[in-house]
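Peer 1: Pasting work_9.pdb below, which is PDB, C-alpha atoms, pLDDT in the B column.
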```pdb
ATOM      1  CA  MET A 197      57.040 -15.688 -58.268  1.00 38.00           C
ATOM      2  CA  PRO A 198      59.935 -17.575 -59.970  1.00 43.00           C
ATOM      3  CA  HIS A 199      62.492 -19.325 -57.793  1.00 42.00           C
ATOM      4  CA  ASN A 200      66.074 -18.255 -58.418  1.00 46.00           C
ATOM      5  CA  ALA A 201      68.198 -21.249 -57.397  1.00 56.00           C
ATOM      6  CA  SER A 202      71.694 -20.517 -56.148  1.00 72.00           C
ATOM      7  CA  ARG A 203      74.628 -21.704 -58.190  1.00 85.00           C
ATOM      8  CA  TYR A 204      76.331 -22.742 -54.955  1.00 94.00           C
ATOM      9  CA  LEU A 205      76.093 -26.014 -53.038  1.00 96.00           C
ATOM     10  CA  ALA A 206      76.381 -24.005 -49.812  1.00 96.00           C
ATOM     11  CA  GLU A 207      76.804 -20.320 -49.020  1.00 95.00           C
ATOM     12  CA  GLY A 208      78.173 -18.193 -46.231  1.00 95.00           C
ATOM     13  CA  PRO A 209      78.173 -14.426 -45.854  1.00 95.00           C
ATOM     14  CA  ARG A 210      81.191 -13.893 -48.130  1.00 95.00           C
ATOM     15  CA  VAL A 211      81.739 -17.103 -50.105  1.00 96.00           C
ATOM     16  CA  GLY A 212      79.903 -19.925 -51.784  1.00 96.00           C
ATOM     17  CA  ILE A 213      81.209 -23.357 -52.717  1.00 97.00           C
ATOM     18  CA  ARG A 214      80.542 -25.179 -55.952  1.00 97.00           C
ATOM     19  CA  HIS A 215      82.004 -28.093 -57.858  1.00 97.00           C
ATOM     20  CA  PHE A 216      84.773 -27.713 -60.431  1.00 96.00           C
ATOM     21  CA  THR A 217      83.854 -27.455 -64.099  1.00 96.00           C
ATOM     22  CA  HIS A 218      86.066 -27.644 -67.165  1.00 96.00           C
ATOM     23  CA  ASP A 219      85.091 -24.033 -67.931  1.00 96.00           C
ATOM     24  CA  ASP A 220      86.897 -22.855 -64.761  1.00 96.00           C
ATOM     25  CA  GLY A 221      90.272 -23.689 -66.308  1.00 97.00           C
ATOM     26  CA  PRO A 222      91.359 -20.233 -67.511  1.00 97.00           C
ATOM     27  CA  GLU A 223      90.616 -18.477 -64.210  1.00 97.00           C
ATOM     28  CA  PHE A 224      91.932 -21.341 -62.067  1.00 98.00           C
ATOM     29  CA  THR A 225      95.238 -21.607 -63.923  1.00 98.00           C
ATOM     30  CA  ALA A 226      95.735 -17.815 -63.941  1.00 97.00           C
ATOM     31  CA  ARG A 227      95.142 -17.722 -60.171  1.00 97.00           C
ATOM     32  CA  ALA A 228      97.517 -20.673 -59.677  1.00 97.00           C
ATOM     33  CA  ARG A 229     100.260 -18.880 -61.619  1.00 97.00           C
ATOM     34  CA  GLU A 230      99.711 -15.691 -59.573  1.00 97.00           C
ATOM     35  CA  SER A 231      99.965 -17.745 -56.367  1.00 96.00           C
ATOM     36  CA  LYS A 232     103.159 -19.739 -57.015  1.00 95.00           C
ATOM     37  CA  ASP A 233     105.108 -17.959 -54.260  1.00 94.00           C
ATOM     38  CA  LEU A 234     102.307 -18.503 -51.752  1.00 92.00           C
ATOM     39  CA  HIS A 235     101.951 -22.202 -52.604  1.00 93.00           C
ATOM     40  CA  HIS A 236     105.612 -23.205 -52.867  1.00 92.00           C
ATOM     41  CA  PRO A 237     106.838 -25.590 -51.428  1.00 91.00           C
ATOM     42  CA  TRP A 238     103.549 -26.947 -50.076  1.00 91.00           C
ATOM     43  CA  LEU A 239     101.387 -27.552 -53.110  1.00 92.00           C
ATOM     44  CA  PHE A 240     101.422 -27.310 -56.885  1.00 94.00           C
ATOM     45  CA  PRO A 241      97.965 -26.741 -58.358  1.00 96.00           C
ATOM     46  CA  PRO A 242      97.667 -26.996 -62.147  1.00 96.00           C
ATOM     47  CA  ASP A 243      98.800 -23.837 -63.923  1.00 96.00           C
ATOM     48  CA  SER A 244      98.348 -24.833 -67.569  1.00 97.00           C
ATOM     49  CA  ALA A 245      95.292 -25.743 -69.618  1.00 97.00           C
ATOM     50  CA  GLY A 246      96.335 -29.369 -70.101  1.00 97.00           C
ATOM     51  CA  ALA A 247      97.187 -29.896 -66.440  1.00 97.00           C
ATOM     52  CA  TYR A 248      93.895 -28.327 -65.367  1.00 98.00           C
ATOM     53  CA  THR A 249      91.865 -30.497 -67.761  1.00 97.00           C
ATOM     54  CA  ALA A 250      93.405 -33.660 -66.272  1.00 97.00           C
ATOM     55  CA  TYR A 251      93.071 -32.394 -62.669  1.00 97.00           C
ATOM     56  CA  ALA A 252      89.463 -31.234 -63.005  1.00 97.00           C
ATOM     57  CA  GLY A 253      88.575 -34.400 -64.908  1.00 97.00           C
ATOM     58  CA  ARG A 254      89.678 -36.551 -61.981  1.00 96.00           C
ATOM     59  CA  LEU A 255      87.687 -34.427 -59.522  1.00 97.00           C
ATOM     60  CA  ILE A 256      84.600 -34.470 -61.720  1.00 96.00           C
ATOM     61  CA  GLU A 257      84.636 -38.141 -62.796  1.00 96.00           C
ATOM     62  CA  ASP A 258      86.225 -40.105 -59.926  1.00 97.00           C
ATOM     63  CA  PRO A 259      83.659 -41.045 -57.240  1.00 95.00           C
ATOM     64  CA  THR A 260      86.445 -41.209 -54.632  1.00 97.00           C
ATOM     65  CA  LYS A 261      87.079 -37.467 -55.070  1.00 98.00           C
ATOM     66  CA  ALA A 262      85.026 -34.300 -54.687  1.00 98.00           C
ATOM     67  CA  GLY A 263      86.404 -30.917 -55.669  1.00 98.00           C
ATOM     68  CA  PHE A 264      85.027 -27.604 -54.446  1.00 98.00           C
ATOM     69  CA  LEU A 265      85.821 -24.090 -55.595  1.00 98.00           C
ATOM     70  CA  VAL A 266      85.572 -21.334 -52.993  1.00 98.00           C
ATOM     71  CA  CYS A 267      84.026 -18.312 -54.741  1.00 97.00           C
ATOM     72  CA  GLU A 268      83.733 -14.741 -53.453  1.00 95.00           C
ATOM     73  CA  LYS A 269      80.161 -13.459 -53.266  1.00 90.00           C
ATOM     74  CA  GLY A 270      80.423  -9.792 -52.287  1.00 68.00           C
ATOM     75  CA  GLY A 271      82.691  -6.785 -52.238  1.00 51.00           C
ATOM     76  CA  GLU A 272      85.286  -5.947 -54.848  1.00 52.00           C
ATOM     77  CA  ALA A 273      85.400  -9.426 -56.362  1.00 48.00           C
ATOM     78  CA  GLY A 274      81.806 -10.382 -55.628  1.00 53.00           C
ATOM     79  CA  ASP A 275      81.280 -11.750 -59.094  1.00 73.00           C
ATOM     80  CA  GLY A 276      82.037 -15.317 -58.035  1.00 84.00           C
ATOM     81  CA  SER A 277      85.767 -15.082 -58.644  1.00 92.00           C
ATOM     82  CA  LEU A 278      87.821 -17.970 -57.299  1.00 96.00           C
ATOM     83  CA  ALA A 279      89.320 -17.443 -53.846  1.00 97.00           C
ATOM     84  CA  GLY A 280      90.637 -20.992 -53.467  1.00 97.00           C
ATOM     85  CA  PHE A 281      89.873 -24.669 -53.709  1.00 98.00           C
ATOM     86  CA  ILE A 282      89.151 -27.540 -51.320  1.00 98.00           C
ATOM     87  CA  ASN A 283      89.225 -31.168 -52.390  1.00 98.00           C
ATOM     88  CA  ILE A 284      88.083 -34.287 -50.596  1.00 98.00           C
ATOM     89  CA  ASN A 285      90.243 -37.175 -51.808  1.00 97.00           C
ATOM     90  CA  ASN A 286      90.330 -40.882 -51.019  1.00 97.00           C
ATOM     91  CA  ILE A 287      86.648 -40.988 -50.109  1.00 97.00           C
ATOM     92  CA  VAL A 288      85.862 -44.357 -48.570  1.00 96.00           C
ATOM     93  CA  GLU A 289      82.310 -45.496 -47.973  1.00 93.00           C
ATOM     94  CA  GLY A 290      80.994 -48.427 -45.938  1.00 92.00           C
ATOM     95  CA  GLY A 291      82.063 -48.557 -42.315  1.00 92.00           C
ATOM     96  CA  PHE A 292      84.708 -45.825 -42.702  1.00 93.00           C
ATOM     97  CA  LEU A 293      82.800 -42.916 -44.366  1.00 96.00           C
ATOM     98  CA  CYS A 294      85.939 -40.812 -44.510  1.00 97.00           C
ATOM     99  CA  GLY A 295      87.779 -38.488 -46.862  1.00 97.00           C
ATOM    100  CA  ALA A 296      91.113 -36.649 -46.896  1.00 97.00           C
ATOM    101  CA  LEU A 297      91.045 -32.891 -47.387  1.00 97.00           C
ATOM    102  CA  GLY A 298      93.478 -30.831 -49.409  1.00 96.00           C
ATOM    103  CA  TYR A 299      93.149 -27.087 -49.946  1.00 97.00           C
ATOM    104  CA  GLY A 300      94.764 -23.922 -51.149  1.00 96.00           C
ATOM    105  CA  ALA A 301      93.950 -20.210 -51.156  1.00 96.00           C
ATOM    106  CA  PHE A 302      94.824 -18.031 -54.104  1.00 97.00           C
ATOM    107  CA  ALA A 303      97.174 -15.142 -53.326  1.00 96.00           C
ATOM    108  CA  HIS A 304      94.598 -12.357 -53.715  1.00 94.00           C
ATOM    109  CA  ALA A 305      92.358 -14.070 -51.127  1.00 94.00           C
ATOM    110  CA  ALA A 306      94.989 -15.226 -48.603  1.00 94.00           C
ATOM    111  CA  GLY A 307      94.682 -13.957 -45.050  1.00 93.00           C
ATOM    112  CA  ARG A 308      91.129 -12.656 -45.486  1.00 94.00           C
ATOM    113  CA  GLY A 309      89.246 -15.495 -43.769  1.00 95.00           C
ATOM    114  CA  LEU A 310      87.625 -16.642 -47.006  1.00 97.00           C
ATOM    115  CA  MET A 311      89.164 -20.115 -46.863  1.00 97.00           C
ATOM    116  CA  LYS A 312      87.993 -20.618 -43.270  1.00 97.00           C
ATOM    117  CA  GLU A 313      84.467 -19.768 -44.344  1.00 97.00           C
ATOM    118  CA  GLY A 314      84.821 -22.026 -47.384  1.00 98.00           C
ATOM    119  CA  LEU A 315      86.231 -24.918 -45.351  1.00 98.00           C
ATOM    120  CA  GLU A 316      83.375 -24.611 -42.851  1.00 98.00           C
ATOM    121  CA  LEU A 317      80.943 -24.893 -45.784  1.00 98.00           C
ATOM    122  CA  VAL A 318      82.732 -27.928 -47.225  1.00 98.00           C
ATOM    123  CA  ILE A 319      82.749 -29.600 -43.800  1.00 98.00           C
ATOM    124  CA  GLY A 320      79.003 -29.013 -43.484  1.00 97.00           C
ATOM    125  CA  TYR A 321      78.446 -30.382 -46.986  1.00 98.00           C
ATOM    126  CA  ALA A 322      80.649 -33.424 -46.311  1.00 98.00           C
ATOM    127  CA  PHE A 323      78.871 -34.273 -43.062  1.00 97.00           C
ATOM    128  CA  GLY A 324      75.467 -33.389 -44.545  1.00 96.00           C
ATOM    129  CA  PRO A 325      74.634 -34.329 -48.139  1.00 96.00           C
ATOM    130  CA  MET A 326      77.778 -36.454 -48.626  1.00 97.00           C
ATOM    131  CA  ARG A 327      77.042 -38.335 -45.373  1.00 96.00           C
ATOM    132  CA  LEU A 328      80.690 -38.684 -44.391  1.00 97.00           C
ATOM    133  CA  HIS A 329      81.589 -39.329 -40.755  1.00 97.00           C
ATOM    134  CA  ARG A 330      85.245 -38.297 -40.679  1.00 98.00           C
ATOM    135  CA  LEU A 331      87.515 -35.836 -42.490  1.00 98.00           C
ATOM    136  CA  GLU A 332      91.290 -35.909 -42.305  1.00 97.00           C
ATOM    137  CA  ILE A 333      93.929 -33.318 -43.196  1.00 97.00           C
ATOM    138  CA  ASN A 334      97.611 -34.159 -43.621  1.00 96.00           C
ATOM    139  CA  VAL A 335      99.827 -31.074 -43.300  1.00 96.00           C
ATOM    140  CA  GLN A 336     103.572 -30.562 -43.492  1.00 96.00           C
ATOM    141  CA  PRO A 337     104.719 -29.315 -40.046  1.00 96.00           C
ATOM    142  CA  GLY A 338     106.191 -26.089 -41.448  1.00 94.00           C
ATOM    143  CA  ASN A 339     102.989 -25.029 -43.226  1.00 95.00           C
ATOM    144  CA  ALA A 340     101.771 -22.611 -40.557  1.00 94.00           C
ATOM    145  CA  ALA A 341      98.832 -21.223 -42.555  1.00 94.00           C
ATOM    146  CA  SER A 342      97.415 -24.673 -43.332  1.00 95.00           C
ATOM    147  CA  LEU A 343      97.837 -25.821 -39.727  1.00 96.00           C
ATOM    148  CA  ALA A 344      96.109 -22.667 -38.469  1.00 96.00           C
ATOM    149  CA  LEU A 345      93.175 -23.288 -40.814  1.00 96.00           C
ATOM    150  CA  ALA A 346      92.798 -26.889 -39.611  1.00 97.00           C
ATOM    151  CA  ARG A 347      92.894 -25.772 -35.960  1.00 96.00           C
ATOM    152  CA  SER A 348      90.449 -22.909 -36.514  1.00 96.00           C
ATOM    153  CA  CYS A 349      87.884 -25.316 -37.985  1.00 96.00           C
ATOM    154  CA  GLY A 350      88.062 -27.687 -35.014  1.00 96.00           C
ATOM    155  CA  PHE A 351      90.339 -30.434 -36.329  1.00 98.00           C
ATOM    156  CA  ARG A 352      92.364 -32.266 -33.675  1.00 97.00           C
ATOM    157  CA  LEU A 353      95.951 -33.409 -34.020  1.00 97.00           C
ATOM    158  CA  GLU A 354      96.041 -37.210 -34.115  1.00 97.00           C
ATOM    159  CA  GLY A 355      99.591 -38.053 -35.046  1.00 96.00           C
ATOM    160  CA  TYR A 356     102.718 -37.662 -37.086  1.00 96.00           C
ATOM    161  CA  SER A 357     103.564 -39.541 -40.276  1.00 95.00           C
ATOM    162  CA  PRO A 358     107.240 -39.477 -41.295  1.00 96.00           C
ATOM    163  CA  LYS A 359     107.936 -39.365 -45.044  1.00 96.00           C
ATOM    164  CA  MET A 360     104.237 -39.686 -45.870  1.00 94.00           C
ATOM    165  CA  LEU A 361     103.858 -37.909 -49.237  1.00 91.00           C
ATOM    166  CA  PHE A 362     106.195 -37.267 -52.168  1.00 93.00           C
ATOM    167  CA  ILE A 363     106.080 -33.492 -52.732  1.00 92.00           C
ATOM    168  CA  ASP A 364     108.526 -31.198 -54.534  1.00 90.00           C
ATOM    169  CA  GLY A 365     111.059 -33.965 -55.128  1.00 92.00           C
ATOM    170  CA  ALA A 366     111.191 -35.548 -51.657  1.00 94.00           C
ATOM    171  CA  TRP A 367     109.201 -37.606 -49.187  1.00 96.00           C
ATOM    172  CA  ARG A 368     107.726 -35.146 -46.663  1.00 95.00           C
ATOM    173  CA  ASP A 369     106.653 -35.614 -43.070  1.00 96.00           C
ATOM    174  CA  HIS A 370     103.051 -34.708 -42.220  1.00 96.00           C
ATOM    175  CA  GLU A 371     100.923 -34.084 -39.164  1.00 97.00           C
ATOM    176  CA  ARG A 372      97.575 -35.890 -39.209  1.00 97.00           C
ATOM    177  CA  TRP A 373      94.514 -33.873 -38.193  1.00 98.00           C
ATOM    178  CA  ALA A 374      90.924 -35.137 -38.073  1.00 98.00           C
ATOM    179  CA  LEU A 375      87.365 -34.050 -37.435  1.00 98.00           C
ATOM    180  CA  THR A 376      84.317 -36.281 -37.002  1.00 97.00           C
ATOM    181  CA  SER A 377      80.663 -35.399 -37.364  1.00 96.00           C
ATOM    182  CA  GLU A 378      80.234 -35.908 -33.596  1.00 94.00           C
ATOM    183  CA  MET A 379      83.004 -33.415 -32.853  1.00 92.00           C
ATOM    184  CA  ARG A 380      81.217 -30.931 -35.103  1.00 84.00           C
ATOM    185  CA  THR A 381      77.849 -31.270 -33.375  1.00 74.00           C
ATOM    186  CA  SER A 382      79.190 -31.385 -29.802  1.00 66.00           C
ATOM    187  CA  GLY A 383      81.579 -28.411 -30.191  1.00 55.00           C
TER     188      GLY A 383
END
```
Render the structure in this file as C-alpha coordinates.
Peer 2:
Amino acid sequence: MPHNASRYLAEGPRVGIRHFTHDDGPEFTARARESKDLHHPWLFPPDSAGAYTAYAGRLIEDPTKAGFLVCEKGGEAGDGSLAGFININNIVEGGFLCGALGYGAFAHAAGRGLMKEGLELVIGYAFGPMRLHRLEINVQPGNAASLALARSCGFRLEGYSPKMLFIDGAWRDHERWALTSEMRTSG
(Lines of atoms letter the chains of each structure in order from A and count residues from 1; the text may use other names and numbers.)
(Lines give C-alpha, C1' and ligand atoms only; values in the text may rest on other atoms or scores of the structure.)
Protein backbone atom coordinates (compact mmCIF):
# COMPACT_ATOMS: atom_id res chain seq x y z
CA MET A 1 0.00 0.00 0.00
CA PRO A 2 1.60 3.36 -0.99
CA HIS A 3 2.34 5.89 1.73
CA ASN A 4 0.75 9.29 1.18
CA ALA A 5 3.00 11.75 3.02
CA SER A 6 1.37 14.89 4.36
CA ARG A 7 2.36 18.21 2.88
CA TYR A 8 2.37 19.66 6.40
CA LEU A 9 5.17 19.75 8.97
CA ALA A 10 2.53 19.29 11.68
CA GLU A 11 -1.25 18.97 11.67
CA GLY A 12 -4.13 19.60 14.02
CA PRO A 13 -7.82 18.91 13.55
CA ARG A 14 -8.45 22.05 11.47
CA VAL A 15 -5.08 23.38 10.31
CA GLY A 16 -1.67 22.27 9.15
CA ILE A 17 1.56 24.25 9.12
CA ARG A 18 4.10 24.31 6.32
CA HIS A 19 7.00 26.47 5.24
CA PHE A 20 6.62 29.43 2.89
CA THR A 21 7.29 28.94 -0.81
CA HIS A 22 7.67 31.51 -3.56
CA ASP A 23 4.55 30.04 -5.19
CA ASP A 24 2.42 31.21 -2.22
CA GLY A 25 2.89 34.84 -3.25
CA PRO A 26 -0.40 35.46 -5.10
CA GLU A 27 -2.61 34.03 -2.34
CA PHE A 28 -0.55 35.54 0.48
CA THR A 29 -0.56 39.05 -0.98
CA ALA A 30 -4.29 38.89 -1.80
CA ARG A 31 -5.03 37.83 1.79
CA ALA A 32 -2.76 40.59 3.12
CA ARG A 33 -4.61 43.21 1.07
CA GLU A 34 -7.98 41.87 2.30
CA SER A 35 -6.71 42.08 5.89
CA LYS A 36 -5.29 45.62 5.97
CA ASP A 37 -7.93 46.88 8.42
CA LEU A 38 -7.37 43.93 10.74
CA HIS A 39 -3.58 44.32 10.70
CA HIS A 40 -3.27 48.10 10.98
CA PRO A 41 -1.51 49.53 13.01
CA TRP A 42 0.15 46.38 14.35
CA LEU A 43 1.77 44.74 11.35
CA PHE A 44 2.29 45.20 7.64
CA PRO A 45 2.71 41.91 5.79
CA PRO A 46 3.78 42.13 2.14
CA ASP A 47 0.89 42.91 -0.19
CA SER A 48 2.68 43.09 -3.55
CA ALA A 49 4.56 40.51 -5.59
CA GLY A 50 7.93 42.21 -5.17
CA ALA A 51 7.53 42.68 -1.42
CA TYR A 52 6.44 39.06 -1.01
CA THR A 53 9.41 37.74 -3.02
CA ALA A 54 11.84 39.61 -0.74
CA TYR A 55 9.96 38.62 2.45
CA ALA A 56 9.61 34.94 1.56
CA GLY A 57 13.21 34.84 0.34
CA ARG A 58 14.47 35.93 3.76
CA LEU A 59 12.32 33.32 5.51
CA ILE A 60 13.40 30.58 3.12
CA GLU A 61 17.13 31.37 2.90
CA ASP A 62 18.13 32.91 6.26
CA PRO A 63 18.98 30.23 8.86
CA THR A 64 18.07 32.66 11.66
CA LYS A 65 14.45 32.69 10.46
CA ALA A 66 11.73 30.10 9.95
CA GLY A 67 8.41 30.99 8.36
CA PHE A 68 5.25 28.92 8.70
CA LEU A 69 1.96 29.24 6.87
CA VAL A 70 -1.17 28.21 8.76
CA CYS A 71 -3.42 26.39 6.27
CA GLU A 72 -7.05 25.34 6.70
CA LYS A 73 -7.63 21.60 6.30
CA GLY A 74 -11.40 21.11 6.45
CA GLY A 75 -14.73 22.81 6.02
CA GLU A 76 -15.51 25.53 3.52
CA ALA A 77 -11.88 26.42 2.83
CA GLY A 78 -10.42 22.98 3.46
CA ASP A 79 -8.30 23.12 0.35
CA GLY A 80 -5.24 24.34 2.23
CA SER A 81 -6.06 28.03 1.90
CA LEU A 82 -3.96 30.36 4.02
CA ALA A 83 -5.46 31.31 7.38
CA GLY A 84 -2.38 33.16 8.65
CA PHE A 85 1.35 33.07 9.17
CA ILE A 86 3.76 32.56 12.07
CA ASN A 87 7.44 33.38 11.84
CA ILE A 88 10.29 32.58 14.18
CA ASN A 89 12.89 35.33 13.83
CA ASN A 90 16.27 35.96 15.42
CA ILE A 91 16.90 32.26 16.02
CA VAL A 92 19.98 31.88 18.20
CA GLU A 93 21.64 28.53 18.74
CA GLY A 94 24.29 27.49 21.26
CA GLY A 95 23.47 28.11 24.89
CA PHE A 96 20.42 30.28 24.13
CA LEU A 97 18.33 28.12 21.71
CA CYS A 98 15.74 30.85 21.36
CA GLY A 99 13.63 32.54 18.72
CA ALA A 100 11.22 35.49 18.55
CA LEU A 101 7.73 34.84 17.24
CA GLY A 102 5.69 37.12 15.02
CA TYR A 103 2.27 36.22 13.64
CA GLY A 104 -0.84 37.41 11.90
CA ALA A 105 -4.24 35.98 11.00
CA PHE A 106 -5.90 36.82 7.72
CA ALA A 107 -9.29 38.53 8.03
CA HIS A 108 -11.38 35.58 6.82
CA ALA A 109 -9.83 33.37 9.53
CA ALA A 110 -9.74 35.83 12.46
CA GLY A 111 -11.62 34.87 15.60
CA ARG A 112 -12.10 31.23 14.59
CA GLY A 113 -9.36 29.66 16.73
CA LEU A 114 -7.28 28.67 13.71
CA MET A 115 -4.28 30.75 14.75
CA LYS A 116 -4.30 29.25 18.25
CA GLU A 117 -4.21 25.79 16.73
CA GLY A 118 -1.50 26.90 14.30
CA LEU A 119 0.59 28.52 17.04
CA GLU A 120 0.34 25.37 19.16
CA LEU A 121 1.68 23.40 16.17
CA VAL A 122 4.54 25.85 15.60
CA ILE A 123 5.45 25.73 19.30
CA GLY A 124 5.54 21.93 19.16
CA TYR A 125 7.68 22.05 16.01
CA ALA A 126 10.03 24.64 17.53
CA PHE A 127 10.53 22.64 20.73
CA GLY A 128 10.64 19.35 18.81
CA PRO A 129 12.44 19.14 15.45
CA MET A 130 13.97 22.63 15.71
CA ARG A 131 15.25 21.83 19.23
CA LEU A 132 14.68 25.34 20.57
CA HIS A 133 14.39 25.88 24.32
CA ARG A 134 12.68 29.27 24.47
CA LEU A 135 10.24 31.29 22.35
CA GLU A 136 9.55 34.97 22.86
CA ILE A 137 6.73 37.22 21.64
CA ASN A 138 6.91 41.01 21.72
CA VAL A 139 3.46 42.61 21.54
CA GLN A 140 2.28 46.21 21.55
CA PRO A 141 0.16 46.69 24.72
CA GLY A 142 -2.94 47.75 22.76
CA ASN A 143 -2.97 44.66 20.53
CA ALA A 144 -5.60 42.73 22.48
CA ALA A 145 -5.96 39.86 19.99
CA SER A 146 -2.21 39.16 19.88
CA LEU A 147 -1.93 39.33 23.67
CA ALA A 148 -4.87 36.94 24.05
CA LEU A 149 -3.24 34.47 21.66
CA ALA A 150 0.05 34.57 23.60
CA ARG A 151 -1.78 34.02 26.91
CA SER A 152 -3.94 31.21 25.53
CA CYS A 153 -0.84 29.30 24.42
CA GLY A 154 0.80 29.51 27.85
CA PHE A 155 3.26 32.37 27.37
CA ARG A 156 4.09 34.33 30.53
CA LEU A 157 4.56 38.08 30.75
CA GLU A 158 8.22 38.83 31.51
CA GLY A 159 8.53 42.56 31.09
CA TYR A 160 7.96 45.80 29.28
CA SER A 161 10.25 47.34 26.67
CA PRO A 162 9.68 51.05 25.97
CA LYS A 163 10.20 52.17 22.36
CA MET A 164 11.39 48.71 21.32
CA LEU A 165 10.44 48.45 17.62
CA PHE A 166 9.97 50.99 14.83
CA ILE A 167 6.48 50.30 13.43
CA ASP A 168 4.17 52.52 11.38
CA GLY A 169 6.46 55.54 11.63
CA ALA A 170 7.25 55.52 15.36
CA TRP A 171 9.11 53.62 18.05
CA ARG A 172 6.52 51.44 19.83
CA ASP A 173 6.45 50.03 23.34
CA HIS A 174 6.10 46.25 23.66
CA GLU A 175 5.29 43.69 26.31
CA ARG A 176 7.69 40.73 26.39
CA TRP A 177 6.13 37.27 26.68
CA ALA A 178 8.02 33.96 26.77
CA LEU A 179 7.53 30.22 26.85
CA THR A 180 10.18 27.56 27.51
CA SER A 181 10.11 23.89 26.66
CA GLU A 182 9.92 23.09 30.40
CA MET A 183 6.84 25.28 30.80
CA ARG A 184 5.26 23.39 27.91
CA THR A 185 5.88 19.94 29.38
CA SER A 186 5.01 20.83 32.99
CA GLY A 187 1.77 22.70 32.15
Peer 1: Neighbours of Ser277 in chain A within 10 Å (all atoms listed in the file; same-chain residues fewer than 5 positions away dropped), as an MDAnalysis selection string?
Peer 2: chainID A and resid 211 220 223:224 227 265:270 272
Peer 1: One decimal, Å: what's the distance from CA of Tyr204 in chain A over to CA of Ala301 in chain A, could you say?
Peer 2: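 That distance, rounded to one decimal, is 18.2 Å.
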Peer 1: Name every residue that the PyMOL selection byres ((chain A and resi 308-310) around 10) selects in this structure, writing the answer as a ChimeraX atom specification with chains first and numbers rising.
Peer 2: /A:208-212,266-268,279-280,301,304-307,311-316,345
Peer 1: Residue by residue, what does the PyMOL selection byres ((chain A and resi 372-380) around 10) grab here? Present the result as a PyMOL selection string.
Peer 2: chain A and resi 294-297+319-320+322-324+327-337+343+346-347+349-357+369-371+381-383
Peer 1: What is the CA of His215 in chain A to CA of Gly263 in chain A distance in Å?
Peer 2: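 Pair CA of His215 in chain A / CA of Gly263 in chain A returns 5.7 Å.
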Peer 1: Could you list the residues chosen by the PyMOL selection byres ((chain A and resi 246-259) around 9) in this structure as a list in words?
Peer 2: His215, Phe216, Thr217, His218, Asp220, Gly221, Pro222, Phe224, Thr225, Pro241, Pro242, Asp243, Ser244, Ala245, Thr260, Lys261, Ala262, Gly263, Phe264, Asn283, Ile284, Asn285 and Ile287 of chain A
Peer 1: So the first atom is CA of Leu293 in chain A and the second is CA of Pro325 in chain A; what is the distance between them in Å, to one decimal place?
Peer 2: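 Atom-to-atom, CA of Leu293 in chain A to CA of Pro325 in chain A, that is 12.4 Å.
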Peer 1: Restricting the calculation to all atoms listed in the file: of A:Trp367, A:Phe362, A:Tyr321, A:Phe240, which residue gets closest to Glu207 in chain A?
Peer 2: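 Closest to Glu207 in chain A, using all atoms listed in the file: A:Tyr321.
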Peer 1: Check the smallest atom-to-atom distance from each of A:Arg214, A:Phe302, A:Met326, A:Ser348 to Asp233 in chain A using all atoms listed in the file, then report the winner.
Peer 2: A:Phe302
Peer 1: Ranking A:Ile213, A:Ala228, A:Ala366, A:Ala340 by minimum distance to Gly276 in chain A and counting only C-alpha atoms, which one comes first?
Peer 2: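 Smallest separation from Gly276 in chain A among the options: A:Ile213.
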Peer 1: Neighbourhood query: residues within 7 Å of (106.8, -27.3, -49.6), file coordinates, counting only C-alpha atoms; return as a VMD selection string.
Peer 2: chain A and resid 236 to 239 363 to 364
